[in-house]
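Content type mmCIF, N, CA and C atoms, from the file protein36.cif:
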```cif
data_entry
loop_
_atom_site.label_atom_id
_atom_site.label_comp_id
_atom_site.auth_asym_id
_atom_site.auth_seq_id
_atom_site.Cartn_x
_atom_site.Cartn_y
_atom_site.Cartn_z
N MET A 9 24.49 0.61 -17.14
CA MET A 9 23.62 1.62 -17.67
C MET A 9 24.40 2.91 -17.86
N THR A 10 24.24 3.50 -19.02
CA THR A 10 24.95 4.74 -19.28
C THR A 10 23.96 5.89 -19.30
N ASN A 11 24.45 7.06 -18.94
CA ASN A 11 23.64 8.26 -18.91
C ASN A 11 24.04 9.12 -20.09
N SER A 12 23.14 9.27 -21.05
CA SER A 12 23.42 10.07 -22.23
C SER A 12 23.01 11.51 -21.98
N LEU A 13 23.97 12.42 -21.98
CA LEU A 13 23.64 13.82 -21.78
C LEU A 13 22.94 14.39 -23.00
N ASN A 14 23.03 13.73 -24.14
CA ASN A 14 22.33 14.15 -25.34
C ASN A 14 21.22 13.15 -25.63
N ALA A 15 20.38 12.92 -24.65
CA ALA A 15 19.31 11.94 -24.77
C ALA A 15 18.38 12.32 -25.91
N GLU A 16 17.95 11.32 -26.64
CA GLU A 16 17.00 11.56 -27.70
C GLU A 16 15.68 11.96 -27.07
N PRO A 17 14.97 12.90 -27.70
CA PRO A 17 13.68 13.32 -27.13
C PRO A 17 12.73 12.15 -26.89
N ALA A 18 12.73 11.15 -27.75
CA ALA A 18 11.81 10.02 -27.57
C ALA A 18 12.05 9.31 -26.24
N SER A 19 13.30 9.11 -25.85
CA SER A 19 13.57 8.44 -24.58
C SER A 19 13.18 9.33 -23.40
N VAL A 20 13.33 10.63 -23.57
CA VAL A 20 12.91 11.56 -22.52
C VAL A 20 11.40 11.50 -22.35
N PHE A 21 10.67 11.57 -23.48
CA PHE A 21 9.21 11.54 -23.40
C PHE A 21 8.71 10.19 -22.86
N ALA A 22 9.35 9.12 -23.25
CA ALA A 22 8.95 7.80 -22.74
C ALA A 22 9.15 7.73 -21.23
N ALA A 23 10.28 8.24 -20.76
CA ALA A 23 10.56 8.21 -19.32
C ALA A 23 9.57 9.09 -18.56
N LEU A 24 9.13 10.18 -19.17
CA LEU A 24 8.20 11.08 -18.49
C LEU A 24 6.75 10.64 -18.63
N GLY A 25 6.52 9.53 -19.32
CA GLY A 25 5.16 9.04 -19.53
C GLY A 25 4.61 8.27 -18.35
N CYS A 26 5.06 8.55 -17.17
CA CYS A 26 4.63 7.85 -15.96
C CYS A 26 4.40 8.89 -14.87
N ALA A 27 3.23 8.83 -14.25
CA ALA A 27 2.88 9.82 -13.23
C ALA A 27 3.87 9.81 -12.06
N THR A 28 4.36 8.65 -11.68
CA THR A 28 5.31 8.58 -10.56
C THR A 28 6.60 9.29 -10.92
N ARG A 29 7.09 9.07 -12.14
CA ARG A 29 8.33 9.74 -12.55
C ARG A 29 8.13 11.24 -12.67
N LEU A 30 6.96 11.66 -13.14
CA LEU A 30 6.68 13.10 -13.18
C LEU A 30 6.67 13.69 -11.78
N ASP A 31 6.14 12.96 -10.83
CA ASP A 31 6.15 13.41 -9.44
C ASP A 31 7.58 13.53 -8.93
N LEU A 32 8.42 12.57 -9.26
CA LEU A 32 9.82 12.63 -8.84
C LEU A 32 10.51 13.84 -9.47
N ILE A 33 10.23 14.10 -10.75
CA ILE A 33 10.81 15.28 -11.40
C ILE A 33 10.36 16.55 -10.68
N GLY A 34 9.09 16.59 -10.30
CA GLY A 34 8.59 17.74 -9.54
C GLY A 34 9.34 17.92 -8.23
N ARG A 35 9.63 16.81 -7.56
CA ARG A 35 10.37 16.88 -6.29
C ARG A 35 11.82 17.32 -6.53
N LEU A 36 12.39 16.92 -7.65
CA LEU A 36 13.79 17.26 -7.96
C LEU A 36 13.94 18.67 -8.54
N ASN A 37 12.86 19.30 -8.86
CA ASN A 37 12.88 20.57 -9.59
C ASN A 37 13.21 21.77 -8.71
N THR A 38 13.98 21.58 -7.68
CA THR A 38 14.35 22.68 -6.78
C THR A 38 15.78 23.16 -7.00
N GLY A 39 16.51 22.44 -7.84
CA GLY A 39 17.90 22.80 -8.05
C GLY A 39 18.86 22.10 -7.09
N LYS A 40 18.32 21.39 -6.11
CA LYS A 40 19.16 20.65 -5.16
C LYS A 40 19.24 19.20 -5.60
N ASP A 41 20.14 18.46 -4.98
CA ASP A 41 20.14 17.01 -5.20
C ASP A 41 19.57 16.33 -3.97
N TYR A 42 19.01 15.14 -4.19
CA TYR A 42 18.29 14.42 -3.14
C TYR A 42 18.73 12.97 -3.10
N SER A 43 18.68 12.40 -1.91
CA SER A 43 18.92 10.97 -1.74
C SER A 43 17.61 10.24 -2.04
N ILE A 44 17.72 8.95 -2.20
CA ILE A 44 16.52 8.14 -2.42
C ILE A 44 15.60 8.22 -1.21
N ALA A 45 16.17 8.21 -0.02
CA ALA A 45 15.35 8.32 1.20
C ALA A 45 14.58 9.63 1.22
N GLU A 46 15.23 10.73 0.85
CA GLU A 46 14.55 12.02 0.83
C GLU A 46 13.44 12.05 -0.22
N LEU A 47 13.68 11.43 -1.37
CA LEU A 47 12.67 11.40 -2.42
C LEU A 47 11.51 10.48 -2.08
N THR A 48 11.77 9.46 -1.29
CA THR A 48 10.72 8.50 -0.93
C THR A 48 9.80 9.05 0.16
N ALA A 49 10.29 9.98 0.97
CA ALA A 49 9.50 10.53 2.08
C ALA A 49 8.17 11.09 1.56
N GLY A 50 7.10 10.62 2.18
CA GLY A 50 5.77 11.10 1.82
C GLY A 50 5.13 10.37 0.67
N LEU A 51 5.84 9.45 0.05
CA LEU A 51 5.28 8.67 -1.04
C LEU A 51 4.84 7.31 -0.53
N GLU A 52 3.90 6.74 -1.20
CA GLU A 52 3.46 5.38 -0.85
C GLU A 52 4.21 4.36 -1.71
N LEU A 53 5.50 4.59 -1.86
CA LEU A 53 6.37 3.70 -2.64
C LEU A 53 7.53 3.26 -1.78
N THR A 54 8.05 2.10 -2.08
CA THR A 54 9.25 1.64 -1.40
C THR A 54 10.47 2.33 -2.00
N ARG A 55 11.56 2.27 -1.28
CA ARG A 55 12.81 2.82 -1.82
C ARG A 55 13.22 2.08 -3.09
N GLN A 56 12.95 0.78 -3.12
CA GLN A 56 13.28 0.00 -4.33
C GLN A 56 12.50 0.51 -5.53
N ALA A 57 11.23 0.81 -5.34
CA ALA A 57 10.40 1.31 -6.45
C ALA A 57 10.91 2.68 -6.91
N VAL A 58 11.23 3.55 -5.96
CA VAL A 58 11.76 4.87 -6.32
C VAL A 58 13.08 4.73 -7.05
N THR A 59 13.92 3.80 -6.60
CA THR A 59 15.20 3.56 -7.25
C THR A 59 15.00 3.13 -8.70
N LYS A 60 14.04 2.24 -8.95
CA LYS A 60 13.78 1.80 -10.32
C LYS A 60 13.33 2.96 -11.19
N HIS A 61 12.45 3.81 -10.67
CA HIS A 61 11.99 4.97 -11.44
C HIS A 61 13.14 5.95 -11.69
N LEU A 62 13.98 6.16 -10.69
CA LEU A 62 15.13 7.05 -10.87
C LEU A 62 16.10 6.49 -11.90
N ASN A 63 16.26 5.18 -11.95
CA ASN A 63 17.14 4.58 -12.95
C ASN A 63 16.60 4.80 -14.36
N VAL A 64 15.29 4.74 -14.53
CA VAL A 64 14.69 5.03 -15.85
C VAL A 64 15.00 6.48 -16.23
N LEU A 65 14.81 7.39 -15.28
CA LEU A 65 15.09 8.81 -15.55
C LEU A 65 16.58 9.03 -15.81
N TYR A 66 17.43 8.32 -15.11
CA TYR A 66 18.87 8.43 -15.30
C TYR A 66 19.28 7.93 -16.69
N CYS A 67 18.75 6.78 -17.08
CA CYS A 67 19.10 6.22 -18.39
C CYS A 67 18.60 7.09 -19.54
N ALA A 68 17.51 7.83 -19.30
CA ALA A 68 17.00 8.75 -20.32
C ALA A 68 17.75 10.07 -20.31
N GLY A 69 18.65 10.24 -19.35
CA GLY A 69 19.43 11.47 -19.27
C GLY A 69 18.72 12.61 -18.59
N ILE A 70 17.62 12.33 -17.90
CA ILE A 70 16.82 13.38 -17.27
C ILE A 70 17.37 13.77 -15.91
N VAL A 71 17.94 12.81 -15.20
CA VAL A 71 18.55 13.11 -13.91
C VAL A 71 20.01 12.69 -13.94
N GLN A 72 20.77 13.31 -13.09
CA GLN A 72 22.16 12.92 -12.91
C GLN A 72 22.30 12.31 -11.52
N ARG A 73 23.25 11.42 -11.42
CA ARG A 73 23.46 10.69 -10.16
C ARG A 73 24.91 10.86 -9.75
N ARG A 74 25.11 11.10 -8.46
CA ARG A 74 26.48 11.16 -7.94
C ARG A 74 26.50 10.46 -6.60
N ARG A 75 27.62 9.85 -6.33
CA ARG A 75 27.79 9.12 -5.07
C ARG A 75 28.38 10.06 -4.02
N VAL A 76 27.79 10.02 -2.85
CA VAL A 76 28.31 10.74 -1.69
C VAL A 76 28.37 9.72 -0.57
N GLY A 77 29.57 9.22 -0.33
CA GLY A 77 29.71 8.15 0.65
C GLY A 77 28.99 6.91 0.15
N ARG A 78 28.06 6.42 0.95
CA ARG A 78 27.33 5.20 0.59
C ARG A 78 26.03 5.48 -0.14
N GLU A 79 25.65 6.75 -0.28
CA GLU A 79 24.36 7.02 -0.90
C GLU A 79 24.51 7.66 -2.27
N SER A 80 23.50 7.46 -3.09
CA SER A 80 23.41 8.12 -4.38
C SER A 80 22.54 9.35 -4.23
N ARG A 81 22.97 10.43 -4.85
CA ARG A 81 22.22 11.69 -4.83
C ARG A 81 21.78 11.97 -6.27
N PHE A 82 20.55 12.42 -6.42
CA PHE A 82 19.97 12.66 -7.74
C PHE A 82 19.58 14.12 -7.89
N ALA A 83 19.77 14.63 -9.11
CA ALA A 83 19.38 16.01 -9.44
C ALA A 83 18.94 16.03 -10.90
N ILE A 84 18.21 17.06 -11.26
CA ILE A 84 17.76 17.24 -12.64
C ILE A 84 18.97 17.46 -13.55
N GLN A 85 18.94 16.88 -14.73
CA GLN A 85 19.93 17.12 -15.77
C GLN A 85 19.27 18.05 -16.79
N PRO A 86 19.50 19.34 -16.71
CA PRO A 86 18.76 20.28 -17.54
C PRO A 86 18.99 20.14 -19.04
N ASP A 87 20.13 19.59 -19.46
CA ASP A 87 20.42 19.48 -20.90
C ASP A 87 19.39 18.65 -21.64
N SER A 88 19.00 17.51 -21.10
CA SER A 88 18.06 16.65 -21.80
C SER A 88 16.67 17.26 -21.82
N ILE A 89 16.28 17.95 -20.75
CA ILE A 89 14.99 18.62 -20.71
C ILE A 89 14.98 19.75 -21.75
N ALA A 90 16.08 20.48 -21.85
CA ALA A 90 16.17 21.56 -22.83
C ALA A 90 16.10 21.00 -24.25
N GLU A 91 16.73 19.86 -24.50
CA GLU A 91 16.69 19.24 -25.82
C GLU A 91 15.26 18.82 -26.17
N ALA A 92 14.56 18.24 -25.22
CA ALA A 92 13.16 17.85 -25.46
C ALA A 92 12.31 19.08 -25.70
N SER A 93 12.57 20.16 -24.98
CA SER A 93 11.83 21.41 -25.17
C SER A 93 12.08 21.98 -26.56
N ARG A 94 13.34 21.93 -27.02
CA ARG A 94 13.65 22.40 -28.38
C ARG A 94 12.93 21.55 -29.42
N TYR A 95 12.87 20.26 -29.18
CA TYR A 95 12.15 19.36 -30.09
C TYR A 95 10.68 19.75 -30.17
N LEU A 96 10.06 19.97 -29.01
CA LEU A 96 8.65 20.36 -28.99
C LEU A 96 8.43 21.70 -29.68
N ALA A 97 9.35 22.63 -29.49
CA ALA A 97 9.24 23.93 -30.15
C ALA A 97 9.32 23.78 -31.67
N ALA A 98 10.23 22.92 -32.13
CA ALA A 98 10.37 22.71 -33.58
C ALA A 98 9.11 22.06 -34.16
N VAL A 99 8.58 21.06 -33.48
CA VAL A 99 7.36 20.40 -33.95
C VAL A 99 6.20 21.39 -33.94
N SER A 100 6.10 22.19 -32.89
CA SER A 100 5.04 23.19 -32.79
C SER A 100 5.13 24.20 -33.93
N SER A 101 6.34 24.61 -34.25
CA SER A 101 6.54 25.54 -35.36
C SER A 101 6.11 24.93 -36.69
N GLN A 102 6.45 23.66 -36.90
CA GLN A 102 6.04 22.97 -38.13
C GLN A 102 4.52 22.91 -38.23
N TRP A 103 3.85 22.59 -37.13
CA TRP A 103 2.40 22.54 -37.13
C TRP A 103 1.80 23.92 -37.37
N ASP A 104 2.38 24.95 -36.77
CA ASP A 104 1.89 26.31 -36.99
C ASP A 104 1.98 26.69 -38.47
N GLU A 105 3.10 26.34 -39.09
CA GLU A 105 3.27 26.63 -40.52
C GLU A 105 2.27 25.85 -41.36
N SER A 106 2.06 24.59 -41.03
CA SER A 106 1.09 23.77 -41.77
C SER A 106 -0.32 24.32 -41.64
N ILE A 107 -0.69 24.72 -40.45
CA ILE A 107 -2.03 25.27 -40.23
C ILE A 107 -2.17 26.60 -40.98
N HIS A 108 -1.13 27.41 -40.97
CA HIS A 108 -1.16 28.68 -41.71
C HIS A 108 -1.34 28.43 -43.21
N ARG A 109 -0.60 27.45 -43.76
CA ARG A 109 -0.75 27.13 -45.19
C ARG A 109 -2.15 26.62 -45.50
N LEU A 110 -2.69 25.77 -44.63
CA LEU A 110 -4.04 25.25 -44.83
C LEU A 110 -5.05 26.38 -44.77
N ARG A 111 -4.92 27.27 -43.80
CA ARG A 111 -5.85 28.40 -43.67
C ARG A 111 -5.78 29.27 -44.93
N SER A 112 -4.56 29.54 -45.41
CA SER A 112 -4.40 30.34 -46.63
C SER A 112 -5.05 29.67 -47.83
N HIS A 113 -4.85 28.37 -47.93
CA HIS A 113 -5.44 27.61 -49.03
C HIS A 113 -6.97 27.64 -48.97
N LEU A 114 -7.53 27.48 -47.80
CA LEU A 114 -8.99 27.47 -47.64
C LEU A 114 -9.61 28.83 -47.89
N GLU A 115 -8.87 29.89 -47.60
CA GLU A 115 -9.39 31.24 -47.80
C GLU A 115 -9.39 31.64 -49.27
N LYS A 116 -8.67 30.92 -50.13
CA LYS A 116 -8.61 31.25 -51.57
C LYS A 116 -9.83 30.82 -52.28
#
```
Spit out the file's structure as structure tokens when you get a sec.
Amino acid sequence: MTNSLNAEPASVFAALGCATRLDLIGRLNTGKDYSIAELTAGLELTRQAVTKHLNVLYCAGIVQRRRVGRESRFAIQPDSIAEASRYLAAVSSQWDESIHRLRSHLEK
């Protein structure tokens, strides 16, 4: 599995389309990196389940993984989140322009 730092927004949105993965992103959103054991604490999920969700996030480029001894540590990869945010901003701008043109047309 490769981690694309320039993840396409579609893969980012697909990976974030799961409540468990959103919860993991919330836990990772502190700027620190976490082990699977730390991320599993307080969840009603097994470490295997958390690992599978983290792998989805990793493959989408949302988290980065590094090895420290025998454990993997995970942290947010801000580049892919920023790319998805830029995509949403561009789509929002297009919709704003379309709505403005429609409003102008209807007012004539």
In Å, how far is it from atom CA of A:His61 to atom CA of A:Tyr95?
-> 23.6 Å
May I have the residues within 10 Å of A:Arg29 as a PyMOL selection string, using only C-alpha atoms and disregarding those fewer than 4 positions away in the same chain?
-> chain A and resi 23-25+33-35+58+60-62+64-65
Which residues come within 10 Å of stretch 46-49 of chain A, counting only C-alpha atoms, excluding same-chain residues fewer than 4 positions away, as a PyMOL selection string?
-> chain A and resi 31-33+35-36+41-42+53-59+62+81-82
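Atom CA of A:Ala92 is found 19.3 Å from atom C of A:Asp104.
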Starting from the displayed file, determine the output of the PyMOL selection byres ((chain A and resi 88) around 7) and express the residue list as a list in words.
->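 Here the PyMOL selection byres ((chain A and resi 88) around 7) matches Leu13, Asn14, Ala15, Val20, Ala68, Gly69, Ile70, Gln85, Pro86, Asp87, Ile89, Ala90, Glu91, Ala92 and Ser93 of chain A.
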Taking only chain A into account, list the residues labelled helix (DSSP H, G or I) by DSSP (computed from the backbone), as a short mmCIF file (atom, residue, chain, number, x, y, z; two decimals) with N, CA and C atoms, in the frame of the given file.
```
data_model
loop_
_atom_site.label_atom_id
_atom_site.label_comp_id
_atom_site.auth_asym_id
_atom_site.auth_seq_id
_atom_site.Cartn_x
_atom_site.Cartn_y
_atom_site.Cartn_z
N PRO A 17 14.97 12.90 -27.70
CA PRO A 17 13.68 13.32 -27.13
C PRO A 17 12.73 12.15 -26.89
N ALA A 18 12.73 11.15 -27.75
CA ALA A 18 11.81 10.02 -27.57
C ALA A 18 12.05 9.31 -26.24
N SER A 19 13.30 9.11 -25.85
CA SER A 19 13.57 8.44 -24.58
C SER A 19 13.18 9.33 -23.40
N VAL A 20 13.33 10.63 -23.57
CA VAL A 20 12.91 11.56 -22.52
C VAL A 20 11.40 11.50 -22.35
N PHE A 21 10.67 11.57 -23.48
CA PHE A 21 9.21 11.54 -23.40
C PHE A 21 8.71 10.19 -22.86
N ALA A 22 9.35 9.12 -23.25
CA ALA A 22 8.95 7.80 -22.74
C ALA A 22 9.15 7.73 -21.23
N ALA A 23 10.28 8.24 -20.76
CA ALA A 23 10.56 8.21 -19.32
C ALA A 23 9.57 9.09 -18.56
N ALA A 27 3.23 8.83 -14.25
CA ALA A 27 2.88 9.82 -13.23
C ALA A 27 3.87 9.81 -12.06
N THR A 28 4.36 8.65 -11.68
CA THR A 28 5.31 8.58 -10.56
C THR A 28 6.60 9.29 -10.92
N ARG A 29 7.09 9.07 -12.14
CA ARG A 29 8.33 9.74 -12.55
C ARG A 29 8.13 11.24 -12.67
N LEU A 30 6.96 11.66 -13.14
CA LEU A 30 6.68 13.10 -13.18
C LEU A 30 6.67 13.69 -11.78
N ASP A 31 6.14 12.96 -10.83
CA ASP A 31 6.15 13.41 -9.44
C ASP A 31 7.58 13.53 -8.93
N LEU A 32 8.42 12.57 -9.26
CA LEU A 32 9.82 12.63 -8.84
C LEU A 32 10.51 13.84 -9.47
N ILE A 33 10.23 14.10 -10.75
CA ILE A 33 10.81 15.28 -11.40
C ILE A 33 10.36 16.55 -10.68
N GLY A 34 9.09 16.59 -10.30
CA GLY A 34 8.59 17.74 -9.54
C GLY A 34 9.34 17.92 -8.23
N ARG A 35 9.63 16.81 -7.56
CA ARG A 35 10.37 16.88 -6.29
C ARG A 35 11.82 17.32 -6.53
N LEU A 36 12.39 16.92 -7.65
CA LEU A 36 13.79 17.26 -7.96
C LEU A 36 13.94 18.67 -8.54
N ILE A 44 17.72 8.95 -2.20
CA ILE A 44 16.52 8.14 -2.42
C ILE A 44 15.60 8.22 -1.21
N ALA A 45 16.17 8.21 -0.02
CA ALA A 45 15.35 8.32 1.20
C ALA A 45 14.58 9.63 1.22
N GLU A 46 15.23 10.73 0.85
CA GLU A 46 14.55 12.02 0.83
C GLU A 46 13.44 12.05 -0.22
N LEU A 47 13.68 11.43 -1.37
CA LEU A 47 12.67 11.40 -2.42
C LEU A 47 11.51 10.48 -2.08
N THR A 48 11.77 9.46 -1.29
CA THR A 48 10.72 8.50 -0.93
C THR A 48 9.80 9.05 0.16
N ARG A 55 11.56 2.27 -1.28
CA ARG A 55 12.81 2.82 -1.82
C ARG A 55 13.22 2.08 -3.09
N GLN A 56 12.95 0.78 -3.12
CA GLN A 56 13.28 0.00 -4.33
C GLN A 56 12.50 0.51 -5.53
N ALA A 57 11.23 0.81 -5.34
CA ALA A 57 10.40 1.31 -6.45
C ALA A 57 10.91 2.68 -6.91
N VAL A 58 11.23 3.55 -5.96
CA VAL A 58 11.76 4.87 -6.32
C VAL A 58 13.08 4.73 -7.05
N THR A 59 13.92 3.80 -6.60
CA THR A 59 15.20 3.56 -7.25
C THR A 59 15.00 3.13 -8.70
N LYS A 60 14.04 2.24 -8.95
CA LYS A 60 13.78 1.80 -10.32
C LYS A 60 13.33 2.96 -11.19
N HIS A 61 12.45 3.81 -10.67
CA HIS A 61 11.99 4.97 -11.44
C HIS A 61 13.14 5.95 -11.69
N LEU A 62 13.98 6.16 -10.69
CA LEU A 62 15.13 7.05 -10.87
C LEU A 62 16.10 6.49 -11.90
N ASN A 63 16.26 5.18 -11.95
CA ASN A 63 17.14 4.58 -12.95
C ASN A 63 16.60 4.80 -14.36
N VAL A 64 15.29 4.74 -14.53
CA VAL A 64 14.69 5.03 -15.85
C VAL A 64 15.00 6.48 -16.23
N LEU A 65 14.81 7.39 -15.28
CA LEU A 65 15.09 8.81 -15.55
C LEU A 65 16.58 9.03 -15.81
N TYR A 66 17.43 8.32 -15.11
CA TYR A 66 18.87 8.43 -15.30
C TYR A 66 19.28 7.93 -16.69
N CYS A 67 18.75 6.78 -17.08
CA CYS A 67 19.10 6.22 -18.39
C CYS A 67 18.60 7.09 -19.54
N PRO A 86 19.50 19.34 -16.71
CA PRO A 86 18.76 20.28 -17.54
C PRO A 86 18.99 20.14 -19.04
N ASP A 87 20.13 19.59 -19.46
CA ASP A 87 20.42 19.48 -20.90
C ASP A 87 19.39 18.65 -21.64
N SER A 88 19.00 17.51 -21.10
CA SER A 88 18.06 16.65 -21.80
C SER A 88 16.67 17.26 -21.82
N ILE A 89 16.28 17.95 -20.75
CA ILE A 89 14.99 18.62 -20.71
C ILE A 89 14.98 19.75 -21.75
N ALA A 90 16.08 20.48 -21.85
CA ALA A 90 16.17 21.56 -22.83
C ALA A 90 16.10 21.00 -24.25
N GLU A 91 16.73 19.86 -24.50
CA GLU A 91 16.69 19.24 -25.82
C GLU A 91 15.26 18.82 -26.17
N ALA A 92 14.56 18.24 -25.22
CA ALA A 92 13.16 17.85 -25.46
C ALA A 92 12.31 19.08 -25.70
N SER A 93 12.57 20.16 -24.98
CA SER A 93 11.83 21.41 -25.17
C SER A 93 12.08 21.98 -26.56
N ARG A 94 13.34 21.93 -27.02
CA ARG A 94 13.65 22.40 -28.38
C ARG A 94 12.93 21.55 -29.42
N TYR A 95 12.87 20.26 -29.18
CA TYR A 95 12.15 19.36 -30.09
C TYR A 95 10.68 19.75 -30.17
N LEU A 96 10.06 19.97 -29.01
CA LEU A 96 8.65 20.36 -28.99
C LEU A 96 8.43 21.70 -29.68
N ALA A 97 9.35 22.63 -29.49
CA ALA A 97 9.24 23.93 -30.15
C ALA A 97 9.32 23.78 -31.67
N ALA A 98 10.23 22.92 -32.13
CA ALA A 98 10.37 22.71 -33.58
C ALA A 98 9.11 22.06 -34.16
N VAL A 99 8.58 21.06 -33.48
CA VAL A 99 7.36 20.40 -33.95
C VAL A 99 6.20 21.39 -33.94
N SER A 100 6.10 22.19 -32.89
CA SER A 100 5.04 23.19 -32.79
C SER A 100 5.13 24.20 -33.93
N SER A 101 6.34 24.61 -34.25
CA SER A 101 6.54 25.54 -35.36
C SER A 101 6.11 24.93 -36.69
N GLN A 102 6.45 23.66 -36.90
CA GLN A 102 6.04 22.97 -38.13
C GLN A 102 4.52 22.91 -38.23
N TRP A 103 3.85 22.59 -37.13
CA TRP A 103 2.40 22.54 -37.13
C TRP A 103 1.80 23.92 -37.37
N ASP A 104 2.38 24.95 -36.77
CA ASP A 104 1.89 26.31 -36.99
C ASP A 104 1.98 26.69 -38.47
N GLU A 105 3.10 26.34 -39.09
CA GLU A 105 3.27 26.63 -40.52
C GLU A 105 2.27 25.85 -41.36
N SER A 106 2.06 24.59 -41.03
CA SER A 106 1.09 23.77 -41.77
C SER A 106 -0.32 24.32 -41.64
N ILE A 107 -0.69 24.72 -40.45
CA ILE A 107 -2.03 25.27 -40.23
C ILE A 107 -2.17 26.60 -40.98
N HIS A 108 -1.13 27.41 -40.97
CA HIS A 108 -1.16 28.68 -41.71
C HIS A 108 -1.34 28.43 -43.21
N ARG A 109 -0.60 27.45 -43.76
CA ARG A 109 -0.75 27.13 -45.19
C ARG A 109 -2.15 26.62 -45.50
N LEU A 110 -2.69 25.77 -44.63
CA LEU A 110 -4.04 25.25 -44.83
C LEU A 110 -5.05 26.38 -44.77
N ARG A 111 -4.92 27.27 -43.80
CA ARG A 111 -5.85 28.40 -43.67
C ARG A 111 -5.78 29.27 -44.93
N SER A 112 -4.56 29.54 -45.41
CA SER A 112 -4.40 30.34 -46.63
C SER A 112 -5.05 29.67 -47.83
N HIS A 113 -4.85 28.37 -47.93
CA HIS A 113 -5.44 27.61 -49.03
C HIS A 113 -6.97 27.64 -48.97
N LEU A 114 -7.53 27.48 -47.80
CA LEU A 114 -8.99 27.47 -47.64
C LEU A 114 -9.61 28.83 -47.89
N GLU A 115 -8.87 29.89 -47.60
CA GLU A 115 -9.39 31.24 -47.80
C GLU A 115 -9.39 31.64 -49.27
#
```
Suppose you want the space between atom N of A:Ser80 and atom N of A:Ala45; what is it in Å?
->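 Spanning atom N of A:Ser80 to atom N of A:Ala45 is a straight-line distance of 8.0 Å.
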Write down as a list of chain:residue names the residues belonging to chain A that are assigned strand (DSSP E or B) by DSSP computed on the backbone.
-> A:Tyr42, A:Ser43, A:Val71, A:Gln72, A:Arg73, A:Arg74, A:Arg75, A:Val76, A:Glu79, A:Ser80, A:Arg81, A:Phe82, A:Ala83, A:Ile84
N, CA, C and O atoms are what I want for stretch 25-36 of chain A; can you complete it accordingly and write them as an mmCIF file, keeping the file's coordinate frame?
```cif
data_model
loop_
_atom_site.group_PDB
_atom_site.id
_atom_site.type_symbol
_atom_site.label_atom_id
_atom_site.label_comp_id
_atom_site.auth_asym_id
_atom_site.auth_seq_id
_atom_site.Cartn_x
_atom_site.Cartn_y
_atom_site.Cartn_z
ATOM 1 N N GLY A 25 6.520 9.530 -19.320
ATOM 2 C CA GLY A 25 5.160 9.040 -19.530
ATOM 3 C C GLY A 25 4.610 8.270 -18.350
ATOM 4 O O GLY A 25 3.753 7.404 -18.523
ATOM 5 N N CYS A 26 5.060 8.550 -17.170
ATOM 6 C CA CYS A 26 4.630 7.850 -15.960
ATOM 7 C C CYS A 26 4.400 8.890 -14.870
ATOM 8 O O CYS A 26 5.272 9.725 -14.610
ATOM 9 N N ALA A 27 3.230 8.830 -14.250
ATOM 10 C CA ALA A 27 2.880 9.820 -13.230
ATOM 11 C C ALA A 27 3.870 9.810 -12.060
ATOM 12 O O ALA A 27 4.202 10.876 -11.520
ATOM 13 N N THR A 28 4.360 8.650 -11.680
ATOM 14 C CA THR A 28 5.310 8.580 -10.560
ATOM 15 C C THR A 28 6.600 9.290 -10.920
ATOM 16 O O THR A 28 7.158 10.042 -10.104
ATOM 17 N N ARG A 29 7.090 9.070 -12.140
ATOM 18 C CA ARG A 29 8.330 9.740 -12.550
ATOM 19 C C ARG A 29 8.130 11.240 -12.670
ATOM 20 O O ARG A 29 9.019 12.022 -12.330
ATOM 21 N N LEU A 30 6.960 11.660 -13.140
ATOM 22 C CA LEU A 30 6.680 13.100 -13.180
ATOM 23 C C LEU A 30 6.670 13.690 -11.780
ATOM 24 O O LEU A 30 7.156 14.806 -11.561
ATOM 25 N N ASP A 31 6.140 12.960 -10.830
ATOM 26 C CA ASP A 31 6.150 13.410 -9.440
ATOM 27 C C ASP A 31 7.580 13.530 -8.930
ATOM 28 O O ASP A 31 7.927 14.515 -8.261
ATOM 29 N N LEU A 32 8.420 12.570 -9.260
ATOM 30 C CA LEU A 32 9.820 12.630 -8.840
ATOM 31 C C LEU A 32 10.510 13.840 -9.470
ATOM 32 O O LEU A 32 11.297 14.526 -8.803
ATOM 33 N N ILE A 33 10.230 14.100 -10.750
ATOM 34 C CA ILE A 33 10.810 15.280 -11.400
ATOM 35 C C ILE A 33 10.360 16.550 -10.680
ATOM 36 O O ILE A 33 11.147 17.465 -10.463
ATOM 37 N N GLY A 34 9.090 16.590 -10.300
ATOM 38 C CA GLY A 34 8.590 17.740 -9.540
ATOM 39 C C GLY A 34 9.340 17.920 -8.230
ATOM 40 O O GLY A 34 9.654 19.042 -7.830
ATOM 41 N N ARG A 35 9.630 16.810 -7.560
ATOM 42 C CA ARG A 35 10.370 16.880 -6.290
ATOM 43 C C ARG A 35 11.820 17.320 -6.530
ATOM 44 O O ARG A 35 12.399 18.015 -5.698
ATOM 45 N N LEU A 36 12.390 16.920 -7.650
ATOM 46 C CA LEU A 36 13.790 17.260 -7.960
ATOM 47 C C LEU A 36 13.940 18.670 -8.540
ATOM 48 O O LEU A 36 15.050 19.155 -8.687
#
```
